[in-house]
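Below is the file data-v8.json, which contains JSON, C-alpha atoms.
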[["chain", "number", "residue", "atom", "x", "y", "z"],
["A", 189, "THR", "CA", -149.58, -77.06, 154.02],
["A", 190, "ILE", "CA", -151.39, -76.21, 150.80],
["A", 191, "SER", "CA", -154.14, -73.65, 151.29],
["A", 192, "GLY", "CA", -155.36, -73.17, 147.73],
["A", 193, "ALA", "CA", -154.78, -73.60, 144.00],
["A", 194, "THR", "CA", -155.95, -70.98, 141.51],
["A", 195, "PRO", "CA", -155.84, -71.67, 137.74],
["A", 196, "THR", "CA", -155.39, -68.84, 135.24],
["A", 197, "THR", "CA", -155.47, -69.14, 131.45],
["A", 198, "THR", "CA", -154.15, -66.81, 128.75],
["A", 199, "SER", "CA", -156.07, -68.39, 125.85],
["A", 200, "GLY", "CA", -159.04, -70.61, 125.15],
["A", 201, "GLY", "CA", -161.25, -69.34, 127.94],
["A", 202, "SER", "CA", -161.02, -70.45, 131.53],
["A", 203, "SER", "CA", -162.98, -73.71, 131.62],
["A", 204, "TRP", "CA", -160.28, -76.02, 130.21],
["A", 205, "LEU", "CA", -157.91, -75.70, 133.19],
["A", 206, "THR", "CA", -158.88, -76.75, 136.71],
["A", 207, "ALA", "CA", -156.88, -77.42, 139.87],
["A", 208, "THR", "CA", -157.87, -79.32, 143.01],
["A", 209, "PRO", "CA", -155.72, -79.20, 146.19],
["A", 210, "GLY", "CA", -155.07, -82.47, 148.00],
["A", 211, "PRO", "CA", -153.06, -83.49, 151.06],
["A", 212, "GLY", "CA", -149.56, -82.54, 149.93],
["A", 213, "TYR", "CA", -150.32, -82.27, 146.23],
["A", 214, "VAL", "CA", -152.42, -80.44, 143.65],
["A", 215, "GLY", "CA", -154.27, -82.27, 140.89],
["A", 216, "ILE", "CA", -154.26, -80.31, 137.61],
["A", 217, "THR", "CA", -156.59, -81.17, 134.71],
["A", 218, "ALA", "CA", -156.39, -79.81, 131.16],
["A", 219, "ASP", "CA", -159.56, -80.71, 129.24],
["A", 220, "PRO", "CA", -159.54, -80.14, 125.44],
["A", 221, "THR", "CA", -163.29, -80.65, 125.04],
["A", 222, "GLY", "CA", -164.73, -77.91, 122.82],
["A", 223, "LEU", "CA", -161.38, -76.28, 122.06],
["A", 224, "GLN", "CA", -160.28, -75.46, 118.54],
["A", 225, "PRO", "CA", -156.91, -76.77, 117.27],
["A", 226, "GLY", "CA", -154.05, -74.65, 118.56],
["A", 227, "ASN", "CA", -151.69, -73.96, 121.44],
["A", 228, "TYR", "CA", -153.06, -73.19, 124.89],
["A", 229, "ALA", "CA", -151.31, -71.81, 127.94],
["A", 230, "GLY", "CA", -152.07, -71.05, 131.55],
["A", 231, "SER", "CA", -150.74, -71.48, 135.06],
["A", 232, "VAL", "CA", -151.77, -72.63, 138.49],
["A", 233, "ALA", "CA", -150.91, -70.52, 141.56],
["A", 234, "ILE", "CA", -150.40, -72.81, 144.56],
["A", 235, "ALA", "CA", -150.75, -71.06, 147.91],
["A", 236, "SER", "CA", -149.08, -72.58, 150.96],
["A", 237, "ASP", "CA", -147.24, -71.76, 154.16],
["A", 238, "ALA", "CA", -143.88, -72.50, 152.52],
["A", 239, "ALA", "CA", -141.11, -69.91, 152.65],
["A", 240, "ASN", "CA", -141.51, -69.12, 148.96],
["A", 241, "ALA", "CA", -145.24, -68.43, 149.52],
["A", 242, "THR", "CA", -147.16, -68.85, 146.24],
["A", 243, "SER", "CA", -145.67, -71.20, 143.62],
["A", 244, "ASN", "CA", -146.73, -70.79, 140.00],
["A", 245, "VAL", "CA", -146.87, -73.91, 137.83],
["A", 246, "PRO", "CA", -147.02, -73.22, 134.06],
["A", 247, "VAL", "CA", -149.38, -75.39, 132.01],
["A", 248, "SER", "CA", -149.32, -75.64, 128.21],
["A", 249, "PHE", "CA", -150.63, -78.12, 125.69],
["A", 250, "THR", "CA", -151.50, -78.41, 122.02],
["A", 251, "VAL", "CA", -154.83, -79.48, 120.54],
["A", 252, "LEU", "CA", -154.44, -81.15, 117.16],
["A", 253, "ALA", "CA", -157.04, -81.21, 114.43],
["A", 254, "ALA", "CA", -158.50, -84.68, 113.93],
["A", 255, "SER", "CA", -156.61, -86.37, 111.12],
["A", 256, "PRO", "CA", -155.48, -89.77, 109.85],
["A", 257, "PRO", "CA", -152.69, -91.35, 111.92],
["A", 258, "VAL", "CA", -149.18, -90.02, 111.43],
["A", 259, "VAL", "CA", -146.10, -92.23, 111.98],
["A", 260, "ARG", "CA", -142.77, -90.56, 112.67],
["A", 261, "PRO", "CA", -139.74, -92.04, 110.85],
["A", 262, "GLY", "CA", -137.46, -94.21, 112.96],
["A", 263, "VAL", "CA", -139.07, -97.46, 114.10],
["A", 264, "VAL", "CA", -137.04, -98.69, 117.08],
["A", 265, "ASN", "CA", -136.09, -101.93, 118.79],
["A", 266, "ASN", "CA", -137.91, -102.42, 122.11],
["A", 267, "ALA", "CA", -134.76, -103.52, 123.98],
["A", 268, "THR", "CA", -132.58, -100.48, 123.24],
["A", 269, "PHE", "CA", -135.03, -98.00, 121.65],
["A", 270, "THR", "CA", -132.50, -97.36, 118.90],
["A", 271, "GLY", "CA", -133.65, -96.93, 115.33],
["A", 272, "ASP", "CA", -131.41, -99.34, 113.51],
["A", 273, "THR", "CA", -132.15, -102.39, 111.35],
["A", 274, "LEU", "CA", -135.05, -104.59, 112.47],
["A", 275, "ALA", "CA", -135.21, -108.37, 112.19],
["A", 276, "ARG", "CA", -137.57, -111.08, 111.13],
["A", 277, "GLY", "CA", -139.56, -112.04, 114.22],
["A", 278, "ASP", "CA", -138.62, -108.74, 115.92],
["A", 279, "PHE", "CA", -140.72, -106.85, 118.47],
["A", 280, "PRO", "CA", -140.31, -103.11, 117.66],
["A", 281, "ALA", "CA", -142.08, -99.87, 118.60],
["A", 282, "LEU", "CA", -143.23, -97.00, 116.42],
["A", 283, "PHE", "CA", -144.21, -93.48, 117.44],
["A", 284, "GLY", "CA", -146.54, -90.86, 116.01],
["A", 285, "GLU", "CA", -149.75, -88.91, 116.47],
["A", 286, "GLN", "CA", -153.40, -90.01, 116.60],
["A", 287, "LEU", "CA", -152.49, -93.67, 116.22],
["A", 288, "THR", "CA", -155.70, -94.38, 118.15],
["A", 289, "THR", "CA", -158.41, -92.06, 119.42],
["A", 290, "GLY", "CA", -159.26, -94.20, 122.44],
["A", 291, "ASP", "CA", -157.52, -95.36, 125.59],
["A", 292, "ALA", "CA", -154.25, -97.29, 125.51],
["A", 293, "LEU", "CA", -154.78, -101.04, 125.02],
["A", 294, "ILE", "CA", -152.61, -104.13, 125.63],
["A", 295, "SER", "CA", -153.15, -107.56, 124.09],
["A", 296, "SER", "CA", -153.35, -110.12, 126.88],
["A", 297, "ASN", "CA", -152.49, -113.40, 125.16],
["A", 298, "ALA", "CA", -151.17, -114.76, 121.89],
["A", 299, "PRO", "CA", -152.26, -114.68, 119.18],
["A", 300, "TYR", "CA", -152.26, -110.88, 119.18],
["A", 301, "PRO", "CA", -154.88, -109.15, 117.00],
["A", 302, "THR", "CA", -153.94, -107.31, 113.83],
["A", 303, "THR", "CA", -156.34, -104.49, 114.69],
["A", 304, "LEU", "CA", -156.36, -102.96, 118.19],
["A", 305, "GLY", "CA", -158.01, -99.72, 119.23],
["A", 306, "GLY", "CA", -159.02, -99.20, 115.61],
["A", 307, "ALA", "CA", -155.34, -99.23, 114.52],
["A", 308, "THR", "CA", -153.67, -101.55, 112.01],
["A", 309, "VAL", "CA", -149.92, -101.67, 111.27],
["A", 310, "ASN", "CA", -149.14, -102.68, 107.70],
["A", 311, "ILE", "CA", -145.66, -104.02, 106.88],
["A", 312, "ASN", "CA", -145.20, -104.12, 103.11],
["A", 313, "GLY", "CA", -148.99, -103.98, 102.88],
["A", 314, "GLN", "CA", -149.63, -106.90, 105.27],
["A", 315, "PRO", "CA", -151.21, -106.42, 108.74],
["A", 316, "ALA", "CA", -148.88, -107.18, 111.66],
["A", 317, "PRO", "CA", -149.82, -108.51, 115.13],
["A", 318, "LEU", "CA", -150.23, -105.73, 117.71],
["A", 319, "TYR", "CA", -149.25, -105.95, 121.38],
["A", 320, "TYR", "CA", -149.76, -102.34, 122.57],
["A", 321, "VAL", "CA", -151.58, -99.36, 121.08],
["A", 322, "SER", "CA", -151.83, -95.80, 122.39],
["A", 323, "ALA", "CA", -152.28, -92.38, 120.81],
["A", 324, "ASN", "CA", -148.51, -91.97, 120.36],
["A", 325, "GLN", "CA", -146.95, -95.47, 120.43],
["A", 326, "ILE", "CA", -147.58, -98.95, 119.01],
["A", 327, "ASN", "CA", -145.63, -102.12, 119.81],
["A", 328, "PHE", "CA", -145.98, -104.85, 117.18],
["A", 329, "LEU", "CA", -144.44, -108.02, 115.77],
["A", 330, "ILE", "CA", -142.57, -108.42, 112.50],
["A", 331, "PRO", "CA", -143.47, -111.75, 110.85],
["A", 332, "PHE", "CA", -140.74, -114.35, 110.40],
["A", 333, "ASP", "CA", -141.55, -114.41, 106.68],
["A", 334, "ALA", "CA", -141.25, -110.63, 106.20],
["A", 335, "LEU", "CA", -139.38, -109.55, 103.07],
["A", 336, "ILE", "CA", -135.65, -109.05, 103.67],
["A", 337, "GLY", "CA", -134.28, -105.62, 102.78],
["A", 338, "ASP", "CA", -135.95, -102.25, 102.35],
["A", 339, "GLY", "CA", -139.63, -102.17, 103.25],
["A", 340, "THR", "CA", -142.52, -99.92, 104.12],
["A", 341, "LEU", "CA", -144.67, -99.41, 107.19],
["A", 342, "ARG", "CA", -148.03, -97.64, 107.49],
["A", 343, "VAL", "CA", -150.62, -97.26, 110.25],
["A", 344, "ASP", "CA", -154.31, -97.11, 109.33],
["A", 345, "ARG", "CA", -156.94, -96.14, 111.89],
["A", 346, "ASP", "CA", -160.69, -96.57, 111.73],
["A", 347, "GLY", "CA", -160.60, -96.79, 107.94],
["A", 348, "GLN", "CA", -158.29, -93.78, 107.51],
["A", 349, "THR", "CA", -154.98, -94.37, 105.71],
["A", 350, "GLY", "CA", -151.86, -92.99, 107.37],
["A", 351, "ASN", "CA", -148.50, -91.97, 105.94],
["A", 352, "THR", "CA", -145.83, -94.44, 104.84],
["A", 353, "VAL", "CA", -142.33, -94.64, 106.37],
["A", 354, "SER", "CA", -139.32, -96.71, 105.35],
["A", 355, "ILE", "CA", -137.92, -99.61, 107.36],
["A", 356, "LYS", "CA", -135.11, -102.12, 106.81],
["A", 357, "ILE", "CA", -135.51, -105.78, 107.77],
["A", 358, "ALA", "CA", -132.64, -108.24, 108.17],
["A", 359, "PRO", "CA", -132.60, -111.95, 109.03],
["A", 360, "THR", "CA", -131.21, -111.00, 112.47],
["A", 361, "SER", "CA", -130.61, -107.79, 114.43],
["A", 362, "PRO", "CA", -130.10, -109.01, 118.00],
["A", 363, "LYS", "CA", -130.58, -106.82, 121.07],
["A", 364, "LEU", "CA", -130.32, -107.74, 124.75],
["A", 365, "LEU", "CA", -133.02, -106.52, 127.10],
["A", 366, "LEU", "CA", -131.80, -107.69, 130.52],
["A", 367, "ALA", "CA", -130.00, -110.40, 132.49],
["A", 368, "ALA", "CA", -131.37, -112.17, 135.55],
["A", 369, "ASN", "CA", -129.92, -114.53, 138.14],
["A", 370, "GLN", "CA", -131.32, -117.97, 138.94],
["A", 371, "ALA", "CA", -133.73, -116.41, 141.44],
["A", 372, "GLY", "CA", -135.22, -114.30, 138.64],
["A", 373, "GLN", "CA", -133.74, -111.04, 139.96],
["A", 374, "LYS", "CA", -132.51, -108.47, 137.46],
["A", 375, "VAL", "CA", -128.72, -108.17, 137.56],
["A", 376, "SER", "CA", -128.03, -105.89, 134.59],
["A", 377, "VAL", "CA", -128.45, -102.33, 133.37],
["A", 378, "SER", "CA", -127.95, -101.24, 129.79],
["A", 379, "GLN", "CA", -125.64, -98.29, 130.55],
["A", 380, "GLY", "CA", -123.43, -99.69, 133.30],
["A", 381, "GLY", "CA", -123.72, -99.20, 137.05],
["A", 382, "ALA", "CA", -123.99, -101.65, 139.91],
["A", 383, "LEU", "CA", -126.97, -103.85, 140.67],
["A", 384, "LEU", "CA", -127.14, -107.21, 142.43],
["A", 385, "PRO", "CA", -123.70, -108.87, 142.28],
["A", 386, "VAL", "CA", -123.11, -112.17, 140.51],
["A", 387, "HIS", "CA", -120.11, -114.45, 140.74],
["A", 388, "ALA", "CA", -117.91, -116.63, 138.59],
["A", 389, "GLY", "CA", -119.71, -119.93, 138.12],
["A", 390, "ASP", "CA", -123.19, -118.44, 138.54],
["A", 391, "TYR", "CA", -125.80, -119.12, 135.89],
["A", 392, "LEU", "CA", -127.50, -116.19, 134.15],
["A", 393, "VAL", "CA", -130.63, -115.96, 132.02],
["A", 394, "LEU", "CA", -130.54, -113.22, 129.38],
["A", 395, "TYR", "CA", -133.55, -111.99, 127.39],
["A", 396, "GLY", "CA", -133.71, -110.11, 124.12],
["A", 397, "PHE", "CA", -135.24, -109.58, 120.69],
["A", 398, "GLY", "CA", -134.23, -109.90, 117.05],
["A", 399, "PHE", "CA", -132.23, -113.16, 117.06],
["A", 400, "GLY", "CA", -134.09, -114.43, 113.98],
["A", 401, "ALA", "CA", -135.45, -117.80, 112.91],
["A", 402, "THR", "CA", -135.05, -120.92, 115.04],
["A", 403, "VAL", "CA", -134.84, -124.69, 114.60],
["A", 404, "PRO", "CA", -137.50, -125.94, 114.82],
["A", 405, "ALA", "CA", -139.35, -122.90, 113.54],
["A", 406, "VAL", "CA", -142.15, -121.36, 115.60],
["A", 407, "PRO", "CA", -144.93, -119.51, 113.75],
["A", 408, "THR", "CA", -145.20, -115.76, 114.22],
["A", 409, "ASN", "CA", -147.72, -114.61, 116.83],
["A", 410, "THR", "CA", -147.88, -117.87, 118.79],
["A", 411, "ALA", "CA", -146.72, -118.93, 122.24],
["A", 412, "THR", "CA", -143.40, -120.78, 122.03],
["A", 413, "PRO", "CA", -143.81, -124.43, 123.11],
["A", 414, "ALA", "CA", -141.74, -125.74, 126.02],
["A", 415, "SER", "CA", -140.90, -128.89, 124.06],
["A", 416, "PRO", "CA", -139.10, -129.19, 121.79],
["A", 417, "LEU", "CA", -136.91, -126.16, 122.48],
["A", 418, "SER", "CA", -136.53, -123.75, 119.55],
["A", 419, "ASN", "CA", -132.82, -123.05, 119.08],
["A", 420, "VAL", "CA", -131.10, -120.22, 117.24],
["A", 421, "PRO", "CA", -128.76, -121.94, 114.73],
["A", 422, "GLY", "CA", -125.05, -121.23, 114.29],
["A", 423, "THR", "CA", -122.23, -120.54, 116.70],
["A", 424, "ASN", "CA", -122.78, -117.69, 119.14],
["A", 425, "ASN", "CA", -120.85, -116.82, 122.29],
["A", 426, "VAL", "CA", -121.48, -114.66, 125.33],
["A", 427, "PHE", "CA", -118.61, -112.24, 126.03],
["A", 428, "PHE", "CA", -117.70, -110.77, 129.41],
["A", 429, "GLY", "CA", -115.52, -107.66, 129.38],
["A", 430, "GLU", "CA", -114.80, -104.75, 127.08],
["A", 431, "GLY", "CA", -113.76, -105.52, 123.53],
["A", 432, "GLY", "CA", -111.20, -103.41, 121.70],
["A", 433, "LEU", "CA", -107.51, -102.72, 121.21],
["A", 434, "PHE", "CA", -105.35, -104.40, 123.89],
["A", 435, "GLN", "CA", -108.50, -105.78, 125.54],
["A", 436, "ASN", "CA", -109.52, -109.42, 125.48],
["A", 437, "PRO", "CA", -113.04, -110.16, 126.67],
["A", 438, "VAL", "CA", -113.71, -113.70, 127.89],
["A", 439, "SER", "CA", -116.06, -115.72, 125.66],
["A", 440, "THR", "CA", -118.34, -118.48, 126.86],
["A", 441, "PRO", "CA", -120.73, -120.67, 124.79],
["A", 442, "PRO", "CA", -124.28, -120.49, 126.12],
["A", 443, "GLN", "CA", -126.10, -123.63, 127.24],
["A", 444, "PHE", "CA", -129.16, -122.42, 125.31],
["A", 445, "ILE", "CA", -130.04, -119.62, 122.92],
["A", 446, "GLY", "CA", -133.49, -119.60, 121.38],
["A", 447, "LEU", "CA", -137.10, -118.58, 121.85],
["A", 448, "ALA", "CA", -138.19, -118.39, 125.49],
["A", 449, "PRO", "CA", -140.65, -121.24, 126.20],
["A", 450, "THR", "CA", -144.30, -120.19, 126.82],
["A", 451, "TYR", "CA", -143.65, -116.57, 125.79],
["A", 452, "ILE", "CA", -144.70, -114.92, 122.52],
["A", 453, "SER", "CA", -142.54, -116.08, 119.61],
["A", 454, "ALA", "CA", -140.50, -112.86, 119.51],
["A", 455, "PHE", "CA", -138.95, -113.15, 122.99],
["A", 456, "TYR", "CA", -135.54, -114.86, 123.17],
["A", 457, "GLN", "CA", -133.74, -116.47, 126.10],
["A", 458, "ILE", "CA", -130.04, -117.15, 126.56],
["A", 459, "ASN", "CA", -128.75, -119.37, 129.39],
["A", 460, "VAL", "CA", -125.07, -119.00, 130.25],
["A", 461, "GLN", "CA", -122.66, -119.80, 133.08],
["A", 462, "ILE", "CA", -120.25, -117.01, 134.04],
["A", 463, "SER", "CA", -116.70, -118.08, 133.21],
["A", 464, "VAL", "CA", -114.27, -118.40, 136.12],
["A", 465, "SER", "CA", -111.91, -116.18, 134.14],
["A", 466, "ALA", "CA", -114.47, -113.42, 133.52],
["A", 467, "PRO", "CA", -113.24, -109.97, 134.61],
["A", 468, "LYS", "CA", -114.41, -108.68, 137.98],
["A", 469, "GLY", "CA", -115.92, -105.30, 138.74],
["A", 470, "SER", "CA", -119.08, -103.32, 139.47],
["A", 471, "ALA", "CA", -120.01, -102.79, 135.80],
["A", 472, "VAL", "CA", -118.63, -105.59, 133.60],
["A", 473, "PRO", "CA", -119.88, -105.34, 129.99],
["A", 474, "MET", "CA", -121.63, -108.39, 128.56],
["A", 475, "TYR", "CA", -122.72, -109.01, 124.97],
["A", 476, "ILE", "CA", -123.36, -111.77, 122.44],
["A", 477, "GLN", "CA", -121.50, -112.18, 119.16],
["A", 478, "GLY", "CA", -121.57, -114.82, 116.48],
["A", 479, "ALA", "CA", -123.75, -116.02, 113.63],
["A", 480, "VAL", "CA", -126.58, -113.71, 114.73],
["A", 481, "GLY", "CA", -124.31, -110.64, 114.66],
["A", 482, "THR", "CA", -123.33, -108.52, 117.66],
["A", 483, "THR", "CA", -125.72, -107.32, 120.36],
["A", 484, "ASN", "CA", -125.62, -104.22, 122.49]]
Reformat the file's structure so that it appears as structure tokens.
Amino acid sequence: TISGATPTTTSGGSSWLTATPGPGYVGITADPTGLQPGNYAGSVAIASDAANATSNVPVSFTVLAASPPVVRPGVVNNATFTGDTLARGDFPALFGEQLTTGDALISSNAPYPTTLGGATVNINGQPAPLYYVSANQINFLIPFDALIGDGTLRVDRDGQTGNTVSIKIAPTSPKLLLAANQAGQKVSVSQGGALLPVHAGDYLVLYGFGFGATVPAVPTNTATPASPLSNVPGTNNVFFGEGGLFQNPVSTPPQFIGLAPTYISAFYQINVQISVSAPKGSAVPMYIQGAVGTTN
């Protein structure tokens, strides 16, 4: 039973840190209003009838001076959050400071705006569609007609120009996000481990980003039509099992690989039936390889 919560600060006065006991918890608020830029520290002493009596919770945070937005190098893919090559039509995330000064915002429907929360992402000088904007993260779309090769990215906010970072754009850079069964239940994890079991002969639906242009083409920042289907060209196979020396994963051609109907034109869908000869186990690796490259 919590009997009290007492905040104490070592810098910045005492008004920025408050604590309110609740039933089984303590709400702690750090308010930067009126504080100068710098590092601030304090603690909250929580009194209770527990055996360890008073528990002290340290609190620290940094107040930054208002400035133009700052993007950290290393724009990442939203499926794996790895900072490798991006693709035309990709859906990446960038990170930084003061990307917006307001609350986090999410675009509800396509087409996504090119300015959200006062922020604009410029790829090679051209504004990109924005899905999510917060103070430290922005999710955006790379146009299908983006220049291949080395490029630049910059975030501007409320008329203030941010720094420029380097990116690399390829025709494809495919990444898998998840796999689901026919009931729509997630049956995969990116780092192994058991989830819902699937069986030889079952049909799976995989989703991902970065598979590149389709036939027919779908314009950037639009909802993909349900008809006709937009297919990724070339030969690509789904592999079940670990690849490597003395290991032979089982390959299966997908029934469909292309943009997911009705979703934003950066979201890809792969339909595949599990081969009867696929290896069995609680954590069987699965990936796609072919004309698009090799996924995670």
Determine the nearest neighbour of A:Val375 from the options A:Leu392, A:Val420, A:Ile190, A:Val259, counting all atoms listed in the file.
->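 Ranking A:Leu392, A:Val420, A:Ile190, A:Val259 by distance to A:Val375, first place goes to A:Leu392.
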Work out how far atom CA of A:Ala368 is from atom CA of A:Pro331, in Å to one decimal.
->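 Value for the atom CA of A:Pro331-atom CA of A:Ala368 distance: 27.5 Å.
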For stretch 232-240 of chain A, work out the shell of residues within 12 Å, counting all atoms listed in the file and skipping chain neighbours fewer than 3 positions away, then give it as number ranges by chain.
-> A: 189-198, 202, 205-218, 229, 243-248
If you count all atoms listed in the file, which residues fall within 12 Å of A:Phe332, apart from same-chain ones fewer than 3 positions away, as a ChimeraX atom specification?
-> /A:274-279,311,316-317,329,335-336,357-360,398-402,405-410,453-454
Correct to one decimal, the distance atom CA of A:Arg260-atom CA of A:Val353 is 7.5 Å
State, in Å with one decimal place, the distance from atom CA of A:Gly313 to atom CA of A:Gly481.
-> 28.1 Å
Nearby residues (all atoms listed in the file) at most 7 Å from A:Gly478, same-chain spacing under 3 positions excluded, as a count of residues only | 5
So which one's closest to A:Phe328, A:Val403, A:Leu282, A:Leu365, A:Leu252? Using all atoms listed in the file, please.
-> A:Leu282
Choose the residue, out of A:Leu341, A:Val258, A:Ile452, A:Leu394, that has the smallest atom-to-atom separation from A:Tyr319; count all atoms listed in the file.
->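 Smallest distance to A:Tyr319 is found for A:Ile452.
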Please identify all polymer residues within 7 Å of A:Gly339, counting only C-alpha atoms, omitting same-chain residues fewer than 4 positions from it, and present them as number ranges by chain.
-> A: 312, 354-356
Rank A:Gly372, A:Thr268, A:Val426, A:Ser322 by their smallest atom-to-atom distance to A:Thr289, using only C-alpha atoms, and report the top residue only.
-> A:Ser322
Residues within 7 Å of A:Val264, all atoms listed in the file, excluding chain neighbours under 4 positions, as a list in words =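 Everything that qualifies: Phe269, Thr270, Gly271, Asp272, Pro280, Ala281 and Leu282 of chain A.
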Include C-alpha atoms and write out the residues we just selected as a CSV table (one decimal), in the coordinates of the input.
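The resulting selection19.csv:
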chain,number,residue,atom,x,y,z
A,269,PHE,CA,-135.0,-98.0,121.6
A,270,THR,CA,-132.5,-97.4,118.9
A,271,GLY,CA,-133.6,-96.9,115.3
A,272,ASP,CA,-131.4,-99.3,113.5
A,280,PRO,CA,-140.3,-103.1,117.7
A,281,ALA,CA,-142.1,-99.9,118.6
A,282,LEU,CA,-143.2,-97.0,116.4
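Minimum atom-to-atom distances from A:Ser376, A:Asn265, A:Thr303, A:Ser415 to A:Tyr475 were compared using only C-alpha atoms, and the lowest value belongs to A:Ser376.
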When distances are computed from only C-alpha atoms, which of A:Asn266, A:Thr340, A:Thr349, A:Gln224 shows the smallest separation from A:Ala307?
->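 Using only C-alpha atoms, the shortest distance to A:Ala307 belongs to A:Thr349.
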